[in-house]
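For reference, the structure is listed below as structure tokens.
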Amino acid sequence: MKINVKSIWKARKNTSSIISLTLMVLMVSACTKNFEKYNTNPDALSATQSASIAGSAFGPIEQAIYSNYQRAQNLSADCYSGYMMSGVNFAGGNNNLNYAMVDGWNSTGFNDQYNLIMSPISKLAAAGLKSKSPELWAVALLIQVEAMDRVTDRFGPIAYTKAGSSLTSVPYDNQQTIYQTFFKQIDTASTNLQAYIAANPGKSSLGSNDLIYAGDYTKWLKFANSLRLRLAMRIVKADAATAQQQAVTAMSAPGGLLNAPSDDAAISQAGGRENDLHQISGDWLNINMGASIQSYMTGYNDPRLPVYFSPATDASAVNGKYIGIRIGANVGKTPPNYTEYANLNTTATFQFSTPQLIMTAAEIWFLKAEAAVRGWTGAGTAQTNYETGISTSMQQWGVAAGGYVSDAVSKPTDYNDPGNSVNNATALSTITIKWDPAASNEVQLERIITQKWLAIFPDGQEAWADFRRTGYPRLFTVVNNNSGGAISTQTQIRRLPYPVNEYNTNAAGVNGGVQLLGGQDNGGTRLWWDVDKSNF
């Protein structure tokens, strides 16, 4: 897909029609009351009317964060993170899950965010939203950063600062520039939100049109600070100074951070939209529990296990047990029926209308724990943050922690596939749960990231990024590697290749992106922040 005015800024019908229809309806209504004032000049709308028009567009934009979820995230990041694996023999057994990359899957995770998020937000900017309703513009910026961070962290350099600027070709930005731009956009969002909250305590110009926080700007401000902290930690090995400075800013910022489950950011399923995990696991039986998360959760006797997953139903070997599937396994071999291995709990947890999480308070406590290990100002103590992260996650999922945080014995278990011993694997980690203040920074980091990984399920995008950045948790490698040598089995996949259509329609842009990437356009090339060096 070409990144230019004619393509990327031409939003798909399901989003642009909503915005256009809202504009038409409100303008016609206004014209009946004051024709001369409103008939010919949309920019003459008052700030209140502008906010009402813009607000109705936010729901579809927010839901587009997870557009085409199965192809954009589930059959890549969710599985590469160790969370999941499909029991379906897609594409005759040559697909993303064994590193034979499927362009038709991966391109959706590139194109949709431009079409369904950046395009309508650009239209809102062109309509004067920045000046008329700066608090709405703040939320729009945060949605854009949240969405486009997912894109750049899948692919690497992308068109961002100049997206939509040319009819012929748009250059890509390097990731350092993209992250610098993200931080500046968060600066703007935070400033706008603080000003609105101070001037309009308890009020909202967005309200129920907002499917994440129902127009609660105090929570959006917490989200802004927390997003800053997440992105700061992402770049710690590539730009340590900026990472620390941004993290310290986030931890001391007015409004605070996500603190409790009531602060969690999740997209509601308005308009009859079905929760993606309910659909792909419950309806389609297209995704199952991964072997890696089985190893950790069963080894730790984790009380969240039956909340996240439902037991296997395959009668031949694993009925009633929490048995996952190792990534890259030959699921075309029968028996067993791998689609009947442990699935997601779509009965009680991931129901049809369950909101989809994009950030939790538990994640933020673990980010603070890592910041404390790194000695950053304002982080507090690592142990307190770590243990609070665990307890916050348990609270979020409605389970009793019991003696979980004091367990100094339990470790991840080996993986044994009753249907095919070829897939068996010895546990790669011996990390326990209980905090050890005398442990090295590296051991403390593994403990933090492992528990963070368990807490932020099912967001495989964020979990995969953490794995690439830190090497934790220690994940089982792919059983069958069909990349033809492009991706190391031991190092594991680092990114997704650019869509083929980019080469067909924006060749100069994507070729420039490959140069900025600094390696071949395949899954084995590391991103800018994915630095091959020690964590400390």
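Just so we're on the same page: first chain in the structure tokens is A, next is B, and so on; residues restart at 1 for each chain, and ligands are numbered from 1 in the order they show up.
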
**Report entry** Expected answer as a list of chain:residue names: alpha helix (DSSP H) residues in region 469-505 of chain A
**Finding:**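 So the alpha helix (DSSP H) residues in region 469-505 of chain A would be A:Arg469, A:Thr470, A:Val500, A:Asn501, A:Glu502, A:Tyr503, A:Asn504, A:Thr505.
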
For region 87-116 of chain A against region 498-503 of chain A, with a cut-off of 10 Å and counting only C-alpha atoms, what is the closest atom pair and its distance in Å to one decimal for every residue that makes the cut, ordered by chain and number, as JSON lines?
{"residue": "A:Val102", "atom": "CA", "partner": "A:Pro499", "partner_atom": "CA", "distance": 9.6}
{"residue": "A:Asp103", "atom": "CA", "partner": "A:Pro499", "partner_atom": "CA", "distance": 6.0}
{"residue": "A:Gly104", "atom": "CA", "partner": "A:Pro499", "partner_atom": "CA", "distance": 8.0}
{"residue": "A:Trp105", "atom": "CA", "partner": "A:Pro499", "partner_atom": "CA", "distance": 9.3}
{"residue": "A:Asn106", "atom": "CA", "partner": "A:Pro499", "partner_atom": "CA", "distance": 7.0}
{"residue": "A:Ser107", "atom": "CA", "partner": "A:Pro499", "partner_atom": "CA", "distance": 5.0}
{"residue": "A:Thr108", "atom": "CA", "partner": "A:Pro499", "partner_atom": "CA", "distance": 8.7}
{"residue": "A:Gly109", "atom": "CA", "partner": "A:Pro499", "partner_atom": "CA", "distance": 9.4}
{"residue": "A:Phe110", "atom": "CA", "partner": "A:Pro499", "partner_atom": "CA", "distance": 7.5}
{"residue": "A:Asn111", "atom": "CA", "partner": "A:Pro499", "partner_atom": "CA", "distance": 8.6}

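Take CA of Tyr99 (chain A) and CA of Ile65 (chain A): the distance between them is 24.6 Å.
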
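Minimum distance to Pro473 (chain A) across A:Pro311, A:Pro134, A:Pro412, A:Gly272 (counting only C-alpha atoms) occurs at A:Pro412.
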
Contacts of Ala100 (chain A) within 8 Å, only C-alpha atoms, excl. fewer than 4 positions in-chain, as a PDB file with C-alpha atoms, in the first residue's frame:
ATOM      1  CA  ASN A  94       3.883 -22.862   6.029  1.00  0.00           C
ATOM      2  CA  ASN A  95       2.988 -19.691   7.863  1.00  0.00           C
ATOM      3  CA  ASN A  96       4.086 -17.117  10.434  1.00  0.00           C
ATOM      4  CA  ASN A 481      11.884 -23.130  11.270  1.00  0.00           C
ATOM      5  CA  ASN A 482      10.776 -22.586   7.669  1.00  0.00           C
ATOM      6  CA  SER A 483      12.484 -19.214   7.192  1.00  0.00           C
TER       7      SER A 483
END

Report task. Do a neighbour search on region 518-526 of chain A at 12 Å with only C-alpha atoms, toss out local chain neighbours closer than 6 positions, and write the hits as JSON, numbers by chain. Result -> {"A": [76, 80, 96, 97, 98, 99, 100, 101, 102, 103, 106, 153, 154, 155, 156, 157, 174, 175, 238, 465, 468, 469, 481, 482, 483, 484, 485, 486, 487, 488, 489, 490, 491, 492, 493, 494, 495, 496, 497, 498, 499, 500, 503, 510, 511, 512, 532, 533]}

**Report entry** Residue contacts of region 290-297 of chain A (6 Å, only C-alpha atoms) excluding same-chain residues fewer than 6 positions away, as a ChimeraX atom specification
**Finding:** /A:82-85,324-326,412-413,475-476

Query raised in the report: Which residue, A:Gln185, A:Asn504, A:Ser81, A:Thr249, has the smallest gap to Ile327 (chain A) when you use only C-alpha atoms?
Result: A:Ser81

Query raised in the report: Hey, what's within 10 Å of region 264-266 of chain A if we count only C-alpha atoms and toss same-chain stuff fewer than 5 positions away? As an MDAnalysis selection string, please?
Result: chainID A and resid 62:63 211:213 219:220 222:223 258:259 354:363 396

Requested in this report: With a distance cut-off of 10 Å and only C-alpha atoms, select the neighbouring residues of Ala138 (chain A), excluding the residue or stretch itself and same-chain residues fewer than 2 positions from it, and output the selection as a PyMOL selection string.
Outcome: chain A and resi 129-130+133-136+140-144+185-193+217+220-221+224

Please save N, CA, C and O atoms of the selected residues as a tab-separated table (two decimals), in the first residue's frame.
chain	number	residue	atom	x	y	z
A	129	LEU	N	-9.37	20.84	15.09
A	129	LEU	CA	-9.56	20.29	16.42
A	129	LEU	C	-8.49	20.73	17.40
A	129	LEU	O	-8.76	20.90	18.60
A	130	LYS	N	-7.26	20.92	16.91
A	130	LYS	CA	-6.16	21.28	17.81
A	130	LYS	C	-6.47	22.54	18.61
A	130	LYS	O	-6.17	22.61	19.80
A	133	SER	N	-10.71	22.29	20.32
A	133	SER	CA	-10.92	21.35	21.42
A	133	SER	C	-9.59	20.66	21.74
A	133	SER	O	-9.40	19.48	21.45
A	134	PRO	N	-8.65	21.39	22.34
A	134	PRO	CA	-7.32	20.81	22.58
A	134	PRO	C	-7.36	19.57	23.46
A	134	PRO	O	-6.48	18.72	23.36
A	135	GLU	N	-8.37	19.44	24.32
A	135	GLU	CA	-8.46	18.24	25.15
A	135	GLU	C	-8.82	17.02	24.31
A	135	GLU	O	-8.33	15.90	24.56
A	136	LEU	N	-9.65	17.21	23.27
A	136	LEU	CA	-9.95	16.10	22.35
A	136	LEU	C	-8.72	15.77	21.50
A	136	LEU	O	-8.46	14.61	21.21
A	140	ALA	N	-6.80	12.21	20.91
A	140	ALA	CA	-6.48	11.73	19.57
A	140	ALA	C	-5.00	11.42	19.43
A	140	ALA	O	-4.62	10.39	18.85
A	141	LEU	N	-4.15	12.29	19.95
A	141	LEU	CA	-2.71	12.05	19.89
A	141	LEU	C	-2.32	10.79	20.65
A	141	LEU	O	-1.48	10.00	20.18
A	142	LEU	N	-2.92	10.58	21.81
A	142	LEU	CA	-2.57	9.40	22.60
A	142	LEU	C	-3.01	8.12	21.91
A	142	LEU	O	-2.29	7.11	21.93
A	143	ILE	N	-4.18	8.14	21.28
A	143	ILE	CA	-4.62	6.98	20.51
A	143	ILE	C	-3.66	6.72	19.36
A	143	ILE	O	-3.28	5.57	19.09
A	144	GLN	N	-3.25	7.78	18.68
A	144	GLN	CA	-2.34	7.62	17.55
A	144	GLN	C	-0.99	7.05	17.99
A	144	GLN	O	-0.45	6.14	17.34
A	185	GLN	N	4.54	14.32	21.20
A	185	GLN	CA	3.08	14.27	21.11
A	185	GLN	C	2.47	14.00	22.49
A	185	GLN	O	1.41	14.54	22.82
A	186	ILE	N	3.14	13.19	23.29
A	186	ILE	CA	2.66	12.97	24.66
A	186	ILE	C	2.80	14.25	25.47
A	186	ILE	O	1.94	14.57	26.31
A	187	ASP	N	3.87	15.03	25.22
A	187	ASP	CA	4.02	16.33	25.88
A	187	ASP	C	2.79	17.20	25.61
A	187	ASP	O	2.20	17.78	26.53
A	188	THR	N	2.42	17.30	24.34
A	188	THR	CA	1.27	18.11	23.96
A	188	THR	C	-0.01	17.60	24.60
A	188	THR	O	-0.80	18.37	25.16
A	189	ALA	N	-0.21	16.29	24.54
A	189	ALA	CA	-1.41	15.71	25.12
A	189	ALA	C	-1.50	15.98	26.62
A	189	ALA	O	-2.55	16.36	27.13
A	190	SER	N	-0.40	15.80	27.32
A	190	SER	CA	-0.39	16.01	28.76
A	190	SER	C	-0.69	17.47	29.12
A	190	SER	O	-1.48	17.75	30.03
A	191	THR	N	-0.06	18.38	28.41
A	191	THR	CA	-0.29	19.81	28.66
A	191	THR	C	-1.75	20.18	28.43
A	191	THR	O	-2.37	20.88	29.25
A	192	ASN	N	-2.32	19.70	27.33
A	192	ASN	CA	-3.72	20.00	27.01
A	192	ASN	C	-4.67	19.43	28.05
A	192	ASN	O	-5.63	20.09	28.46
A	193	LEU	N	-4.41	18.21	28.47
A	193	LEU	CA	-5.29	17.57	29.45
A	193	LEU	C	-5.21	18.27	30.81
A	193	LEU	O	-6.24	18.48	31.47
A	217	TYR	N	-11.05	12.50	31.65
A	217	TYR	CA	-9.75	13.05	31.26
A	217	TYR	C	-8.68	12.84	32.33
A	217	TYR	O	-7.48	12.85	32.03
A	220	TRP	N	-7.26	9.68	31.29
A	220	TRP	CA	-6.44	9.86	30.08
A	220	TRP	C	-5.08	10.47	30.43
A	220	TRP	O	-4.07	10.14	29.81
A	221	LEU	N	-5.06	11.34	31.42
A	221	LEU	CA	-3.78	11.92	31.83
A	221	LEU	C	-2.89	10.86	32.45
A	221	LEU	O	-1.68	10.80	32.20
A	224	ALA	N	-1.52	8.90	29.61
A	224	ALA	CA	-0.44	9.62	28.93
A	224	ALA	C	0.88	9.42	29.66
A	224	ALA	O	1.92	9.12	29.04

Query raised in the report: A:Ala91, A:Leu517, A:Leu206, A:Ala64: which is nearest Gln269 (chain A), counting only C-alpha atoms?
Result: A:Ala64

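Counting only C-alpha atoms and comparing A:Ala72, A:Ala342, A:Ala198, A:Val331, the residue that lies closest to Asp314 (chain A) is A:Ala342.
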
Query - CA of Ser421 (chain A) to CA of Lys333 (chain A), distance in Å rounded to a single decimal - result: 11.9 Å

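Atom to atom, CA of Ala126 (chain A) and CA of Val145 (chain A) stand 18.3 Å apart.
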
**Report entry** Residue among A:Ala77, A:Ala315, A:Ile158, A:Ile61 lying closest to Met118 (chain A), counting only C-alpha atoms
**Finding:** A:Ile61

Report task. Check region 223-365 of chain A with DSSP on the backbone and list each residue it calls strand (DSSP E or B), as a list in words. Result ->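 The strand (DSSP E or B) subset of region 223-365 of chain A is Ala265, Ala266, Ile267, Asn288, Met289, Gly290, Phe309, Ser310, Ile325, Asn343, Leu344, Gln356, Leu357, Ile358 and Met359 of chain A.
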